[in-house]
file my_file27.cif (mmCIF, C-alpha atoms)
data_my_file
#
loop_
_atom_site.label_atom_id
_atom_site.label_comp_id
_atom_site.auth_asym_id
_atom_site.auth_seq_id
_atom_site.Cartn_x
_atom_site.Cartn_y
_atom_site.Cartn_z
CA MET Z 1 -18.00 -54.41 -39.03
CA LYS Z 2 -21.27 -52.93 -37.88
CA ASN Z 3 -20.02 -52.96 -34.27
CA LYS Z 4 -16.91 -50.91 -35.13
CA GLY Z 5 -19.01 -48.14 -36.71
CA GLN Z 6 -21.26 -47.99 -33.69
CA ILE Z 7 -18.28 -47.80 -31.31
CA ALA Z 8 -16.74 -44.99 -33.37
CA SER Z 9 -19.98 -42.98 -33.42
CA GLU Z 10 -20.46 -43.51 -29.65
CA TYR Z 11 -16.87 -42.38 -29.07
CA ILE Z 12 -17.44 -39.21 -31.14
CA LEU Z 13 -20.70 -38.54 -29.28
CA LEU Z 14 -18.95 -39.02 -25.91
CA ILE Z 15 -16.19 -36.57 -26.90
CA ALA Z 16 -18.76 -34.01 -28.10
CA ILE Z 17 -20.72 -34.22 -24.84
CA THR Z 18 -17.50 -33.89 -22.82
CA LEU Z 19 -16.46 -30.78 -24.81
CA ILE Z 20 -19.88 -29.20 -24.31
CA ILE Z 21 -19.77 -29.80 -20.56
CA LEU Z 22 -16.20 -28.50 -20.27
CA SER Z 23 -16.96 -25.39 -22.34
CA THR Z 24 -19.95 -24.51 -20.14
CA ILE Z 25 -17.70 -24.69 -17.06
CA ILE Z 26 -14.37 -23.37 -18.34
CA LEU Z 27 -15.58 -20.47 -20.50
CA PRO Z 28 -17.41 -18.60 -17.70
CA LEU Z 29 -14.42 -19.11 -15.37
CA TYR Z 30 -12.10 -17.76 -18.06
CA GLN Z 31 -14.27 -14.68 -18.60
CA GLU Z 32 -14.45 -14.06 -14.84
CA THR Z 33 -10.65 -14.32 -14.62
CA ILE Z 34 -10.20 -11.80 -17.43
CA SER Z 35 -12.53 -9.25 -15.80
CA THR Z 36 -10.86 -9.72 -12.40
CA THR Z 37 -7.43 -9.23 -13.97
CA GLU Z 38 -8.64 -6.06 -15.70
CA ASP Z 39 -9.99 -4.73 -12.37
CA ILE Z 40 -6.69 -5.42 -10.63
CA ARG Z 41 -4.79 -3.67 -13.44
CA ARG Z 42 -6.99 -0.55 -13.18
CA ILE Z 43 -6.67 -0.41 -9.39
CA THR Z 44 -2.89 -0.88 -9.49
CA GLU Z 45 -2.35 1.77 -12.18
CA THR Z 46 -4.60 4.22 -10.35
CA LYS Z 47 -2.76 3.60 -7.07
CA ASN Z 48 0.53 4.23 -8.89
CA THR Z 49 -0.79 7.55 -10.24
CA LEU Z 50 -1.95 8.65 -6.79
CA GLN Z 51 1.33 7.50 -5.24
CA THR Z 52 3.27 9.61 -7.74
CA LEU Z 53 1.15 12.63 -6.83
CA GLU Z 54 1.53 11.91 -3.10
CA ASN Z 55 5.32 11.64 -3.36
CA THR Z 56 5.57 14.94 -5.24
CA ILE Z 57 3.20 16.64 -2.79
CA ASN Z 58 5.41 15.48 0.09
CA ILE Z 59 8.46 16.98 -1.62
CA ILE Z 60 6.67 20.30 -2.20
CA TYR Z 61 5.37 20.34 1.39
CA SER Z 62 8.89 19.84 2.74
CA GLN Z 63 9.88 23.10 1.04
CA GLU Z 64 8.22 26.51 1.36
CA VAL Z 65 5.20 28.38 -0.04
CA GLY Z 66 5.77 29.02 -3.72
CA SER Z 67 7.64 25.76 -4.32
CA LYS Z 68 6.60 23.90 -7.44
CA GLN Z 69 7.45 20.87 -9.52
CA THR Z 70 6.27 19.60 -12.90
CA ILE Z 71 5.74 15.87 -13.42
CA ALA Z 72 4.12 13.48 -15.91
CA THR Z 73 1.12 11.48 -14.73
CA TYR Z 74 -1.02 8.83 -16.40
CA SER Z 75 -4.75 8.29 -16.02
CA PRO Z 76 -5.58 4.60 -16.66
CA THR Z 77 -9.33 5.24 -16.65
CA ASP Z 78 -11.77 8.13 -16.35
CA LEU Z 79 -11.11 9.45 -12.85
CA THR Z 80 -12.45 12.16 -10.61
CA LEU Z 81 -9.69 13.12 -8.19
CA LYS Z 82 -10.93 14.73 -4.99
CA TYR Z 83 -9.46 16.28 -1.89
CA GLU Z 84 -11.11 15.05 1.31
CA LYS Z 85 -10.46 15.81 4.94
CA ILE Z 86 -11.47 12.93 7.21
CA ASN Z 87 -10.85 13.15 10.97
CA ASN Z 88 -8.30 15.96 10.48
CA THR Z 89 -6.36 13.85 7.99
CA HIS Z 90 -5.94 15.01 4.37
CA TYR Z 91 -6.49 12.62 1.44
CA ILE Z 92 -6.49 12.54 -2.33
CA THR Z 93 -9.26 10.13 -3.25
CA THR Z 94 -10.81 8.63 -6.34
CA GLU Z 95 -13.20 5.87 -7.27
CA VAL Z 96 -12.00 3.34 -9.81
CA PRO Z 97 -14.76 1.93 -12.03
CA LEU Z 98 -14.71 -1.87 -12.06
CA THR Z 99 -16.60 -4.52 -13.95
CA LYS Z 100 -20.11 -5.47 -12.87
CA ASN Z 101 -20.93 -1.76 -12.31
CA THR Z 102 -18.95 -1.54 -9.08
CA THR Z 103 -16.27 0.87 -7.91
CA LYS Z 104 -13.34 0.81 -5.51
CA LYS Z 105 -12.45 3.92 -3.56
CA ILE Z 106 -8.76 4.64 -3.15
CA TYR Z 107 -7.35 6.97 -0.48
CA ASN Z 108 -3.85 8.42 -0.45
CA LYS Z 109 -2.83 10.39 2.62
CA VAL Z 110 -1.25 13.79 2.00
CA PRO Z 111 0.24 16.24 4.54
CA TYR Z 112 -1.65 19.37 3.54
CA PRO Z 113 -4.90 20.54 1.88
CA ILE Z 114 -5.01 19.97 -1.87
CA SER Z 115 -6.68 22.06 -4.56
CA PHE Z 116 -6.87 21.67 -8.33
CA ASN Z 117 -6.50 23.70 -11.52
CA GLY Z 118 -4.93 26.82 -10.02
CA ASN Z 119 -7.88 27.59 -7.74
CA SER Z 120 -7.38 27.18 -3.99
CA ASN Z 121 -11.13 26.58 -3.56
CA HIS Z 122 -11.42 23.88 -6.22
CA TYR Z 123 -11.36 20.46 -4.54
CA TYR Z 124 -11.86 18.04 -7.43
CA THR Z 125 -10.87 17.51 -11.05
CA ASN Z 126 -11.66 15.03 -13.82
CA LEU Z 127 -9.06 13.08 -15.79
CA LYS Z 128 -9.63 11.28 -19.09
CA GLU Z 129 -9.02 7.58 -19.70
CA ASN Z 130 -5.66 6.43 -21.11
CA LYS Z 131 -4.22 9.93 -21.18
CA TRP Z 132 -0.79 11.15 -20.16
CA TYR Z 133 -0.63 14.55 -18.50
CA TYR Z 134 2.99 15.51 -19.22
CA ASN Z 135 2.94 18.97 -17.67
CA THR Z 136 1.24 18.33 -14.34
CA LYS Z 137 2.27 21.28 -12.21
CA ILE Z 138 2.19 20.82 -8.45
CA GLU Z 139 2.65 24.08 -6.55
CA TRP Z 140 2.21 25.34 -3.00
CA ILE Z 141 -0.04 28.36 -3.42
CA LYS Z 142 -1.34 30.96 -0.99
CA ASN Z 143 -4.35 33.20 -1.64
CA ASN Z 144 -5.16 35.74 1.08
CA GLU Z 145 -5.88 33.57 4.15
CA THR Z 146 -5.94 30.12 2.53
CA SER Z 147 -3.08 28.07 1.24
CA SER Z 148 -2.98 24.67 -0.40
CA ILE Z 149 -0.86 22.50 -2.59
CA ASN Z 150 -2.37 22.89 -6.04
CA ILE Z 151 -2.35 20.23 -8.76
CA ASN Z 152 -2.88 21.53 -12.28
CA PHE Z 153 -3.17 18.85 -14.99
CA LYS Z 154 -2.26 19.98 -18.52
#
call {"tool": "encode", "arguments": {"input": "my_file27.cif", "output": "structure tokens"}}
result
Amino acid sequence: MKNKGQIASEYILLIAITLIILSTIILPLYQETISTTEDIRRITETKNTLQTLENTINIIYSQEVGSKQTIATYSPTDLTLKYEKINNTHYITTEVPLTKNTTKKIYNKVPYPISFNGNSNHYYTNLKENKWYYNTKIEWIKNNETSSININFK
């Protein structure tokens, strides 16, 4: 009888030690997987937003000065959209904040210079996290000697 009690207590102790070891291995892997999945979601949603803008810009560019279109866009995280010209190629860029205090820069090629908020000399704008901009107006504007495709988020 004494032997059966000892075997049962050793069995319980063995199971407890196994659970502790597994939890120290599995739990950090699970947390890492969740943060990686969240990063991928943010990057994908941001790419989709920039792709929507790029597609609309291409449509406007295929028309003439003064053309405009209103679309709805979504900002999955706090973003600073910028216009950059790199090696004579035009881009809309942004940096997506990721876990572990890192960022990923995303570039979308556009056919023409981009400006923001109705000002042809304004080359960046800030968007708020988890916000829909239902009346995003994209318009080909010309002021004196400069022209650009302007994105105005409302």
call {"tool": "atom_distance", "arguments": {"input": "my_file27.cif", "atom1": "atom CA of Z:Ile60", "atom2": "atom CA of Z:Val96"}}
result
26.3 Å
call {"tool": "closest_residue", "arguments": {"input": "my_file27.cif", "among": "Z:Lys109, Z:Arg41, Z:Lys100, Z:Lys142", "to": "Z:Asn55", "atoms": "only C-alpha atoms"}}
result
Z:Lys109
call {"tool": "resolve_selection", "arguments": {"input": "my_file27.cif", "expression": "the PyMOL selection byres ((chain Z and resi 50) around 9)", "output": "PyMOL selection string"}}
result
chain Z and resi 45-49+51-55+73+92-94+106-108
call {"tool": "residues_around", "arguments": {"input": "my_file27.cif", "residues": "Z:Thr89", "least_positions_apart": "3", "cutoff": "8 Å", "atoms": "all atoms listed in the file", "output": "PyMOL selection string"}}
result
chain Z and resi 85-86+109-111
call {"tool": "atom_distance", "arguments": {"input": "my_file27.cif", "atom1": "atom CA of Z:Pro97", "atom2": "atom CA of Z:Asn152"}}
result
22.9 Å
call {"tool": "atom_distance", "arguments": {"input": "my_file27.cif", "atom1": "atom CA of Z:Asn135", "atom2": "atom CA of Z:Ala72"}}
result
5.9 Å
call {"tool": "closest_residue", "arguments": {"input": "my_file27.cif", "among": "Z:Leu79, Z:Ile71, Z:Ile59, Z:Ile34", "to": "Z:Ile149", "atoms": "all atoms listed in the file"}}
result
Z:Ile59
call {"tool": "residues_near_point", "arguments": {"input": "my_file27.cif", "point": "(-13.8, 11.1, -14.8)", "cutoff": "9 Å", "atoms": "all atoms listed in the file", "output": "VMD selection string"}}
result
chain Z and resid 77 to 81 125 to 129
call {"tool": "write_last_selection", "arguments": {"input": "my_file27.cif", "atoms": "C-alpha atoms", "output": "CSV table (one decimal), keeping the file's coordinate frame"}}
result
chain,number,residue,atom,x,y,z
Z,77,THR,CA,-9.3,5.2,-16.6
Z,78,ASP,CA,-11.8,8.1,-16.4
Z,79,LEU,CA,-11.1,9.4,-12.8
Z,80,THR,CA,-12.4,12.2,-10.6
Z,81,LEU,CA,-9.7,13.1,-8.2
Z,125,THR,CA,-10.9,17.5,-11.0
Z,126,ASN,CA,-11.7,15.0,-13.8
Z,127,LEU,CA,-9.1,13.1,-15.8
Z,128,LYS,CA,-9.6,11.3,-19.1
Z,129,GLU,CA,-9.0,7.6,-19.7
call {"tool": "residues_around", "arguments": {"input": "my_file27.cif", "residues": "Z:Glu38", "least_positions_apart": "5", "cutoff": "10 Å", "atoms": "all atoms listed in the file", "output": "number ranges by chain"}}
result
Z: 32-33, 43-44, 98-99
call {"tool": "resolve_selection", "arguments": {"input": "my_file27.cif", "expression": "the PyMOL selection byres ((chain Z and resi 64-69) around 6)", "output": "PDB file with C-alpha atoms, in the coordinates of the input"}}
result
ATOM      1  CA  ILE Z  60       6.670  20.300  -2.200  1.00  0.00           C
ATOM      2  CA  GLN Z  63       9.880  23.100   1.040  1.00  0.00           C
ATOM      3  CA  THR Z  70       6.270  19.600 -12.900  1.00  0.00           C
ATOM      4  CA  LYS Z 137       2.270  21.280 -12.210  1.00  0.00           C
ATOM      5  CA  ILE Z 138       2.190  20.820  -8.450  1.00  0.00           C
ATOM      6  CA  GLU Z 139       2.650  24.080  -6.550  1.00  0.00           C
ATOM      7  CA  TRP Z 140       2.210  25.340  -3.000  1.00  0.00           C
ATOM      8  CA  ILE Z 141      -0.040  28.360  -3.420  1.00  0.00           C
TER       9      ILE Z 141
END
call {"tool": "closest_residue", "arguments": {"input": "my_file27.cif", "among": "Z:Pro76, Z:His90, Z:Ile20, Z:Thr36", "to": "Z:Lys131", "atoms": "only C-alpha atoms"}}
result
Z:Pro76
call {"tool": "resolve_selection", "arguments": {"input": "my_file27.cif", "expression": "the PyMOL selection byres ((chain Z and resi 113) around 6)", "output": "list in words"}}
result
Tyr112, Ile114 and Ser148 of chain Z
call {"tool": "closest_residue", "arguments": {"input": "my_file27.cif", "among": "Z:Leu27, Z:Ile151, Z:Ile12, Z:Ile7", "to": "Z:Lys82", "atoms": "all atoms listed in the file"}}
result
Z:Ile151
call {"tool": "closest_residue", "arguments": {"input": "my_file27.cif", "among": "Z:Thr18, Z:Ser115, Z:Asn130, Z:Ser120", "to": "Z:Tyr83", "atoms": "only C-alpha atoms"}}
result
Z:Ser115
